[in-house]
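model_20.pdb follows (PDB, C-alpha atoms, pLDDT in the B column):
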```
ATOM      1  CA  MET M  26       1.087 -10.940  -7.143  1.00 40.00           C
ATOM      2  CA  ASP M  27      -0.247  -8.212  -4.866  1.00 41.00           C
ATOM      3  CA  GLU M  28       2.995  -6.503  -4.021  1.00 43.00           C
ATOM      4  CA  GLN M  29       5.608  -5.283  -6.390  1.00 44.00           C
ATOM      5  CA  THR M  30       8.873  -7.103  -5.809  1.00 43.00           C
ATOM      6  CA  THR M  31      11.977  -6.405  -7.801  1.00 41.00           C
ATOM      7  CA  GLN M  32      14.450  -9.260  -7.787  1.00 42.00           C
ATOM      8  CA  VAL M  33      17.989  -7.911  -7.772  1.00 41.00           C
ATOM      9  CA  ASN M  34      19.648 -11.332  -7.549  1.00 41.00           C
ATOM     10  CA  THR M  35      19.595 -12.440 -11.204  1.00 38.00           C
ATOM     11  CA  GLU M  36      20.159 -15.765 -12.940  1.00 40.00           C
ATOM     12  CA  ALA M  37      23.487 -14.481 -14.295  1.00 40.00           C
ATOM     13  CA  ASN M  38      25.244 -16.261 -11.437  1.00 43.00           C
ATOM     14  CA  PRO M  39      23.287 -19.444 -10.601  1.00 44.00           C
ATOM     15  CA  GLN M  40      25.608 -20.328  -7.674  1.00 48.00           C
ATOM     16  CA  SER M  41      24.726 -17.034  -5.972  1.00 45.00           C
ATOM     17  CA  LYS M  42      21.977 -17.747  -3.444  1.00 57.00           C
ATOM     18  CA  PRO M  43      20.399 -15.209  -1.111  1.00 52.00           C
ATOM     19  CA  SER M  44      22.457 -15.319   2.025  1.00 64.00           C
ATOM     20  CA  ASP M  45      21.046 -16.134   5.437  1.00 73.00           C
ATOM     21  CA  LEU M  46      22.775 -12.940   6.582  1.00 83.00           C
ATOM     22  CA  ALA M  47      20.371 -10.773   4.559  1.00 92.00           C
ATOM     23  CA  LYS M  48      17.807  -8.815   6.573  1.00 94.00           C
ATOM     24  CA  TRP M  49      14.877  -6.607   5.648  1.00 95.00           C
ATOM     25  CA  TYR M  50      15.343  -2.868   6.193  1.00 95.00           C
ATOM     26  CA  VAL M  51      12.871  -0.016   5.886  1.00 95.00           C
ATOM     27  CA  VAL M  52      13.961   2.850   3.642  1.00 95.00           C
ATOM     28  CA  HIS M  53      12.195   6.216   3.646  1.00 95.00           C
ATOM     29  CA  THR M  54      11.570   7.758   0.209  1.00 95.00           C
ATOM     30  CA  TYR M  55       9.810  10.780  -1.181  1.00 94.00           C
ATOM     31  CA  SER M  56       6.097  10.003  -1.016  1.00 89.00           C
ATOM     32  CA  GLY M  57       4.749   8.936  -4.398  1.00 92.00           C
ATOM     33  CA  HIS M  58       8.220   7.965  -5.675  1.00 94.00           C
ATOM     34  CA  GLU M  59       8.375   4.469  -4.146  1.00 95.00           C
ATOM     35  CA  ASN M  60       8.240   2.574  -7.473  1.00 95.00           C
ATOM     36  CA  LYS M  61      10.788   4.897  -9.128  1.00 96.00           C
ATOM     37  CA  VAL M  62      13.161   4.469  -6.181  1.00 96.00           C
ATOM     38  CA  ALA M  63      12.752   0.665  -6.275  1.00 95.00           C
ATOM     39  CA  ALA M  64      13.604   0.569 -10.003  1.00 96.00           C
ATOM     40  CA  ALA M  65      16.541   2.959  -9.570  1.00 96.00           C
ATOM     41  CA  LEU M  66      17.903   0.903  -6.664  1.00 96.00           C
ATOM     42  CA  LYS M  67      17.738  -2.271  -8.743  1.00 95.00           C
ATOM     43  CA  GLN M  68      19.686  -0.589 -11.560  1.00 95.00           C
ATOM     44  CA  ARG M  69      22.274   0.798  -9.143  1.00 94.00           C
ATOM     45  CA  ALA M  70      22.813  -2.596  -7.489  1.00 93.00           C
ATOM     46  CA  GLU M  71      23.425  -4.176 -10.897  1.00 94.00           C
ATOM     47  CA  ALA M  72      25.669  -1.336 -12.097  1.00 94.00           C
ATOM     48  CA  MET M  73      27.719  -1.308  -8.884  1.00 94.00           C
ATOM     49  CA  GLY M  74      28.068  -5.107  -8.742  1.00 93.00           C
ATOM     50  CA  LEU M  75      26.162  -5.365  -5.461  1.00 94.00           C
ATOM     51  CA  MET M  76      23.720  -8.095  -6.499  1.00 92.00           C
ATOM     52  CA  ASP M  77      25.235 -10.392  -3.855  1.00 92.00           C
ATOM     53  CA  TYR M  78      24.365  -7.840  -1.140  1.00 93.00           C
ATOM     54  CA  ILE M  79      21.041  -6.305  -2.254  1.00 93.00           C
ATOM     55  CA  PHE M  80      18.570  -9.107  -2.980  1.00 93.00           C
ATOM     56  CA  GLU M  81      15.036  -7.671  -3.086  1.00 93.00           C
ATOM     57  CA  VAL M  82      13.322  -4.316  -3.188  1.00 94.00           C
ATOM     58  CA  MET M  83       9.637  -4.320  -2.317  1.00 93.00           C
ATOM     59  CA  VAL M  84       6.915  -1.690  -2.394  1.00 93.00           C
ATOM     60  CA  PRO M  85       4.191  -3.285  -0.222  1.00 91.00           C
ATOM     61  CA  THR M  86       0.762  -2.789  -1.810  1.00 89.00           C
ATOM     62  CA  LYS M  87      -2.771  -4.048  -1.256  1.00 84.00           C
ATOM     63  CA  ASP M  88      -5.612  -4.410  -3.737  1.00 79.00           C
ATOM     64  CA  THR M  89      -8.347  -1.975  -2.732  1.00 75.00           C
ATOM     65  CA  MET M  90     -11.700  -1.111  -4.251  1.00 68.00           C
ATOM     66  CA  THR M  91     -12.368   2.619  -4.587  1.00 67.00           C
ATOM     67  CA  VAL M  92     -15.364   4.485  -5.909  1.00 64.00           C
ATOM     68  CA  LYS M  93     -14.509   7.426  -8.146  1.00 65.00           C
ATOM     69  CA  ARG M  94     -17.045   9.406 -10.160  1.00 62.00           C
ATOM     70  CA  GLY M  95     -19.655   6.729  -9.524  1.00 61.00           C
ATOM     71  CA  LYS M  96     -17.535   3.827 -10.763  1.00 66.00           C
ATOM     72  CA  LYS M  97     -15.861   1.039  -8.813  1.00 70.00           C
ATOM     73  CA  GLU M  98     -12.150   0.793  -9.480  1.00 74.00           C
ATOM     74  CA  GLU M  99      -9.655  -1.758  -8.190  1.00 77.00           C
ATOM     75  CA  VAL M 100      -6.356  -0.082  -7.385  1.00 79.00           C
ATOM     76  CA  LYS M 101      -3.074  -1.099  -5.798  1.00 83.00           C
ATOM     77  CA  GLU M 102      -2.810   1.015  -2.687  1.00 84.00           C
ATOM     78  CA  LYS M 103       0.557   1.411  -0.989  1.00 88.00           C
ATOM     79  CA  ILE M 104       0.435   0.010   2.535  1.00 87.00           C
ATOM     80  CA  PHE M 105       3.234   2.312   3.737  1.00 90.00           C
ATOM     81  CA  PRO M 106       3.320   5.435   1.530  1.00 93.00           C
ATOM     82  CA  GLY M 107       6.808   6.925   1.521  1.00 93.00           C
ATOM     83  CA  TYR M 108       8.546   3.660   2.455  1.00 95.00           C
ATOM     84  CA  ILE M 109      10.051   0.657   0.670  1.00 95.00           C
ATOM     85  CA  LEU M 110      11.499  -2.554   2.074  1.00 95.00           C
ATOM     86  CA  VAL M 111      14.960  -3.724   1.036  1.00 96.00           C
ATOM     87  CA  ARG M 112      16.337  -7.212   1.745  1.00 95.00           C
ATOM     88  CA  MET M 113      20.102  -6.848   1.906  1.00 95.00           C
ATOM     89  CA  ILE M 114      23.330  -7.625   3.672  1.00 94.00           C
ATOM     90  CA  LEU M 115      24.367  -4.388   5.333  1.00 93.00           C
ATOM     91  CA  THR M 116      27.909  -3.382   4.383  1.00 92.00           C
ATOM     92  CA  ASP M 117      29.419   0.051   3.886  1.00 92.00           C
ATOM     93  CA  ASP M 118      29.061  -0.309   0.095  1.00 93.00           C
ATOM     94  CA  SER M 119      25.472  -1.617   0.122  1.00 93.00           C
ATOM     95  CA  TRP M 120      24.428   1.019   2.684  1.00 92.00           C
ATOM     96  CA  LEU M 121      25.975   3.762   0.538  1.00 93.00           C
ATOM     97  CA  ALA M 122      24.348   2.422  -2.655  1.00 94.00           C
ATOM     98  CA  VAL M 123      20.888   2.514  -1.083  1.00 94.00           C
ATOM     99  CA  ARG M 124      21.415   5.759   0.812  1.00 93.00           C
ATOM    100  CA  THR M 125      22.617   7.674  -2.267  1.00 94.00           C
ATOM    101  CA  THR M 126      19.877   6.386  -4.597  1.00 95.00           C
ATOM    102  CA  SER M 127      17.828   9.269  -5.966  1.00 94.00           C
ATOM    103  CA  GLY M 128      14.602   9.662  -3.963  1.00 95.00           C
ATOM    104  CA  VAL M 129      15.872   7.922  -0.811  1.00 94.00           C
ATOM    105  CA  THR M 130      15.814  10.170   2.241  1.00 94.00           C
ATOM    106  CA  ALA M 131      16.952   7.807   5.000  1.00 92.00           C
ATOM    107  CA  PHE M 132      17.136   4.326   6.470  1.00 93.00           C
ATOM    108  CA  ILE M 133      14.821   3.745   9.410  1.00 91.00           C
ATOM    109  CA  GLY M 134      16.701   2.892  12.582  1.00 88.00           C
ATOM    110  CA  THR M 135      18.170   4.209  15.787  1.00 82.00           C
ATOM    111  CA  GLY M 136      20.651   7.023  15.373  1.00 77.00           C
ATOM    112  CA  ASN M 137      22.616   6.564  12.158  1.00 77.00           C
ATOM    113  CA  LYS M 138      22.374   2.773  12.278  1.00 83.00           C
ATOM    114  CA  PRO M 139      19.671   1.051  10.162  1.00 92.00           C
ATOM    115  CA  THR M 140      17.599  -1.369  12.228  1.00 93.00           C
ATOM    116  CA  PRO M 141      16.484  -4.602  10.532  1.00 94.00           C
ATOM    117  CA  LEU M 142      12.815  -5.565  10.680  1.00 92.00           C
ATOM    118  CA  PRO M 143      12.027  -8.661  12.728  1.00 92.00           C
ATOM    119  CA  GLU M 144      11.155 -11.617  10.450  1.00 90.00           C
ATOM    120  CA  SER M 145       7.695 -11.846  12.081  1.00 91.00           C
ATOM    121  CA  GLU M 146       6.883  -8.270  10.969  1.00 91.00           C
ATOM    122  CA  VAL M 147       8.034  -8.970   7.410  1.00 90.00           C
ATOM    123  CA  GLU M 148       5.818 -12.083   7.301  1.00 90.00           C
ATOM    124  CA  ALA M 149       2.854 -10.073   8.621  1.00 90.00           C
ATOM    125  CA  ILE M 150       3.366  -7.402   5.939  1.00 88.00           C
ATOM    126  CA  MET M 151       3.578 -10.068   3.207  1.00 88.00           C
ATOM    127  CA  LYS M 152       0.400 -11.791   4.435  1.00 87.00           C
ATOM    128  CA  PHE M 153      -1.490  -8.513   4.718  1.00 85.00           C
ATOM    129  CA  SER M 154      -0.549  -7.473   1.189  1.00 82.00           C
ATOM    130  CA  GLN M 155      -1.760 -10.821  -0.185  1.00 79.00           C
ATOM    131  CA  LEU M 156      -5.204 -10.899   1.461  1.00 74.00           C
ATOM    132  CA  ALA M 157      -7.620 -11.926  -1.270  1.00 60.00           C
ATOM    133  CA  ALA M 158     -10.792  -9.964  -0.596  1.00 51.00           C
ATOM    134  CA  PRO M 159     -10.504  -6.429  -1.924  1.00 55.00           C
ATOM    135  CA  LYS M 160     -11.958  -3.846   0.422  1.00 59.00           C
ATOM    136  CA  PHE M 161     -13.862  -0.780  -0.591  1.00 63.00           C
ATOM    137  CA  LYS M 162     -12.397   2.547   0.329  1.00 66.00           C
ATOM    138  CA  SER M 163     -14.865   5.347   0.774  1.00 69.00           C
ATOM    139  CA  SER M 164     -14.434   9.044   0.998  1.00 79.00           C
ATOM    140  CA  PHE M 165     -17.522   9.340   3.211  1.00 84.00           C
ATOM    141  CA  SER M 166     -17.610   9.924   6.956  1.00 86.00           C
ATOM    142  CA  ALA M 167     -20.323   9.424   9.569  1.00 88.00           C
ATOM    143  CA  GLY M 168     -22.567  12.467   9.961  1.00 91.00           C
ATOM    144  CA  GLU M 169     -21.821  13.737   6.448  1.00 92.00           C
ATOM    145  CA  ALA M 170     -24.692  15.040   4.289  1.00 92.00           C
ATOM    146  CA  ILE M 171     -25.114  13.186   0.986  1.00 92.00           C
ATOM    147  CA  LYS M 172     -27.454  13.065  -2.000  1.00 91.00           C
ATOM    148  CA  ILE M 173     -28.863   9.759  -3.244  1.00 88.00           C
ATOM    149  CA  ILE M 174     -28.363   9.520  -7.014  1.00 87.00           C
ATOM    150  CA  ASP M 175     -29.684   6.015  -7.789  1.00 83.00           C
ATOM    151  CA  GLY M 176     -32.472   3.687  -6.704  1.00 82.00           C
ATOM    152  CA  PRO M 177     -35.944   4.285  -5.313  1.00 84.00           C
ATOM    153  CA  PHE M 178     -34.714   7.184  -3.136  1.00 85.00           C
ATOM    154  CA  ALA M 179     -32.953   9.058  -5.983  1.00 86.00           C
ATOM    155  CA  ASP M 180     -32.759  12.837  -5.390  1.00 89.00           C
ATOM    156  CA  PHE M 181     -33.357  12.444  -1.637  1.00 90.00           C
ATOM    157  CA  LEU M 182     -30.883  14.023   0.760  1.00 92.00           C
ATOM    158  CA  GLY M 183     -29.610  12.093   3.758  1.00 92.00           C
ATOM    159  CA  THR M 184     -26.991  11.831   6.467  1.00 93.00           C
ATOM    160  CA  VAL M 185     -24.413   9.031   6.667  1.00 93.00           C
ATOM    161  CA  ASP M 186     -25.146   7.006   9.806  1.00 93.00           C
ATOM    162  CA  SER M 187     -22.566   4.222   9.423  1.00 92.00           C
ATOM    163  CA  ILE M 188     -20.085   2.892   6.856  1.00 89.00           C
ATOM    164  CA  ASP M 189     -19.361  -0.755   5.935  1.00 86.00           C
ATOM    165  CA  GLU M 190     -16.201  -0.515   3.821  1.00 79.00           C
ATOM    166  CA  ALA M 191     -15.807  -4.302   3.636  1.00 75.00           C
ATOM    167  CA  HIS M 192     -19.040  -4.545   1.614  1.00 78.00           C
ATOM    168  CA  GLY M 193     -19.105  -1.075   0.045  1.00 79.00           C
ATOM    169  CA  LYS M 194     -22.323  -0.104   1.842  1.00 87.00           C
ATOM    170  CA  LEU M 195     -23.564   2.932   3.745  1.00 90.00           C
ATOM    171  CA  LYS M 196     -26.426   3.228   6.205  1.00 94.00           C
ATOM    172  CA  VAL M 197     -28.046   6.574   5.429  1.00 94.00           C
ATOM    173  CA  LEU M 198     -30.717   8.357   7.454  1.00 94.00           C
ATOM    174  CA  VAL M 199     -33.312   9.684   4.994  1.00 92.00           C
ATOM    175  CA  SER M 200     -36.202  11.951   6.007  1.00 87.00           C
ATOM    176  CA  ILE M 201     -39.383  10.221   4.789  1.00 83.00           C
ATOM    177  CA  PHE M 202     -42.751  11.646   5.869  1.00 79.00           C
ATOM    178  CA  GLY M 203     -40.998  13.760   8.488  1.00 81.00           C
ATOM    179  CA  ARG M 204     -39.216  10.805  10.116  1.00 87.00           C
ATOM    180  CA  GLU M 205     -35.587   9.772   9.737  1.00 89.00           C
ATOM    181  CA  THR M 206     -35.525   6.291   8.263  1.00 88.00           C
ATOM    182  CA  PRO M 207     -32.319   4.224   7.916  1.00 91.00           C
ATOM    183  CA  VAL M 208     -31.683   3.024   4.364  1.00 91.00           C
ATOM    184  CA  GLU M 209     -28.775   0.793   3.284  1.00 92.00           C
ATOM    185  CA  LEU M 210     -27.168   1.947   0.040  1.00 89.00           C
ATOM    186  CA  ASP M 211     -24.169   1.058  -2.103  1.00 85.00           C
ATOM    187  CA  PHE M 212     -21.323   3.598  -2.348  1.00 84.00           C
ATOM    188  CA  LEU M 213     -22.265   4.051  -6.019  1.00 80.00           C
ATOM    189  CA  GLN M 214     -25.786   5.192  -5.137  1.00 85.00           C
ATOM    190  CA  VAL M 215     -24.733   8.337  -3.275  1.00 86.00           C
ATOM    191  CA  THR M 216     -22.641  11.415  -3.837  1.00 86.00           C
ATOM    192  CA  LYS M 217     -21.242  14.104  -1.591  1.00 86.00           C
ATOM    193  CA  LEU M 218     -23.069  17.417  -1.397  1.00 84.00           C
TER
END
```
Hey, can you dump this file as structure tokens for me?
Amino acid sequence: MDEQTTQVNTEANPQSKPSDLAKWYVVHTYSGHENKVAAALKQRAEAMGLMDYIFEVMVPTKDTMTVKRGKKEEVKEKIFPGYILVRMILTDDSWLAVRTTSGVTAFIGTGNKPTPLPESEVEAIMKFSQLAAPKFKSSFSAGEAIKIIDGPFADFLGTVDSIDEAHGKLKVLVSIFGRETPVELDFLQVTKL
């Protein structure tokens, strides 16, 4: 599965079904601590007997292709760094359990009241995180000077003209015989200067 979902509602009580009253809420966390907060919240819900109020904790992620040190790497990239989604029934106890979990900074909402996400937004987030085709993520930008390190133009210098992240390609302007010629290259064939 493309997103990390922690089920808080366990099989210990088979009659306990997620309630129709449960809504998805956005919780702000320290950036980079989303998975730790999700695990800690699951443990707290179990320890405090709130499994009938806190049903799911999700860190929305997307599979992305990155190029690091000349190698393609598939990584799970957080869609909303610094945020997790929690499906819960909002009561004083469940609010306090989430709010006082280590790493949580706040609920997202108006004033002091958490605002539930509309179901359509939750569905859109779920669909986005499950899109099959991994995209390439480049660290290049248009107009940037690069060096070609592979292929027939190895050791040539060029300027990035355009970027096609979906296919992991760059259009690079290379000076050949005094004229700038566009050449299409893979992310792996170039490096930053």
Inset, instruction - Have a look at atom CA of M:Pro139 and atom CA of M:Tyr50 and let me know their distance in Å, one decimal. - result: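 Atom CA of M:Pro139 sits 7.1 Å away from atom CA of M:Tyr50.
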Legend entry - Option closest in space to M:Ile171, from M:Ala149, M:Ile79, M:Val197, M:Val51 [counting only C-alpha atoms]: M:Val197
Inset, instruction - Would you translate the PyMOL selection byres ((chain M and resi 140) around 12) into the concrete set of residues it matches in this file, as a count of residues only? - result: 22
Inset, instruction - Give the answer as one residue: which of M:Glu146, M:Ser154, M:Lys217, M:Gln68 has the shortest atom-to-atom distance to M:Lys101, using only C-alpha atoms? - result: M:Ser154
Surrounding residues of M:Lys87 excluding itself and chain neighbours under 6 positions, 8 Å, all atoms listed in the file, as a PDB file with C-alpha atoms, in the frame of the given file:
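This is the output file selection20.pdb:
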```pdb
ATOM      1  CA  ASP M  27      -0.247  -8.212  -4.866  1.00 41.00           C
ATOM      2  CA  GLU M  28       2.995  -6.503  -4.021  1.00 43.00           C
ATOM      3  CA  LYS M 101      -3.074  -1.099  -5.798  1.00 83.00           C
ATOM      4  CA  GLU M 102      -2.810   1.015  -2.687  1.00 84.00           C
ATOM      5  CA  LYS M 103       0.557   1.411  -0.989  1.00 88.00           C
ATOM      6  CA  ILE M 104       0.435   0.010   2.535  1.00 87.00           C
ATOM      7  CA  PHE M 153      -1.490  -8.513   4.718  1.00 85.00           C
ATOM      8  CA  SER M 154      -0.549  -7.473   1.189  1.00 82.00           C
ATOM      9  CA  GLN M 155      -1.760 -10.821  -0.185  1.00 79.00           C
ATOM     10  CA  LEU M 156      -5.204 -10.899   1.461  1.00 74.00           C
TER      11      LEU M 156
END
```
Inset, instruction - Please write the residues picked by the PyMOL selection byres ((chain M and resi 105) around 10) on this file as a list in words. - result: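 Going through the file, the PyMOL selection byres ((chain M and resi 105) around 10) ends up selecting His53, Ser56, Glu59, Val84, Pro85, Thr86, Glu102, Lys103, Ile104, Pro106, Gly107, Tyr108, Ile109, Leu110 and Ile150 of chain M.
Nearest to M:Gly168 of all the residues M:Val185, M:Leu195, M:Lys61, M:Thr54 is M:Val185, based on only C-alpha atoms.
Separating atom CA of M:Thr216 from atom CA of M:Asp88 is a distance of 23.2 Å.
In this comparison, which uses all atoms listed in the file, the residue of M:Ala47, M:Val100, M:Leu121, M:Leu182 approaching M:Thr206 most closely is M:Leu182.
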Inset, instruction - Grab the atom CA of M:Tyr78 to atom CA of M:Lys152 distance for me, in Å with one decimal place. - result: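 So the two atoms, atom CA of M:Tyr78 and atom CA of M:Lys152, lie 24.9 Å apart.
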Determine the axis-aligned bounding box of all atoms of stretch 194-201 of chain M present in the file, pad each side by 8 Å, and express its centre and edge lengths in Å to one decimal place as AutoDock Vina command-line options.
```
--center_x -30.9 --center_y 5.9 --center_z 4.6 --size_x 33.1 --size_y 28.1 --size_z 21.6
```
Legend entry - Nearest residue to M:Ser127 from the set M:Ala65, M:Leu75, M:Ile174, M:Val147 (distances using all atoms listed in the file):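 Closest to M:Ser127 of all the choices is M:Ala65.
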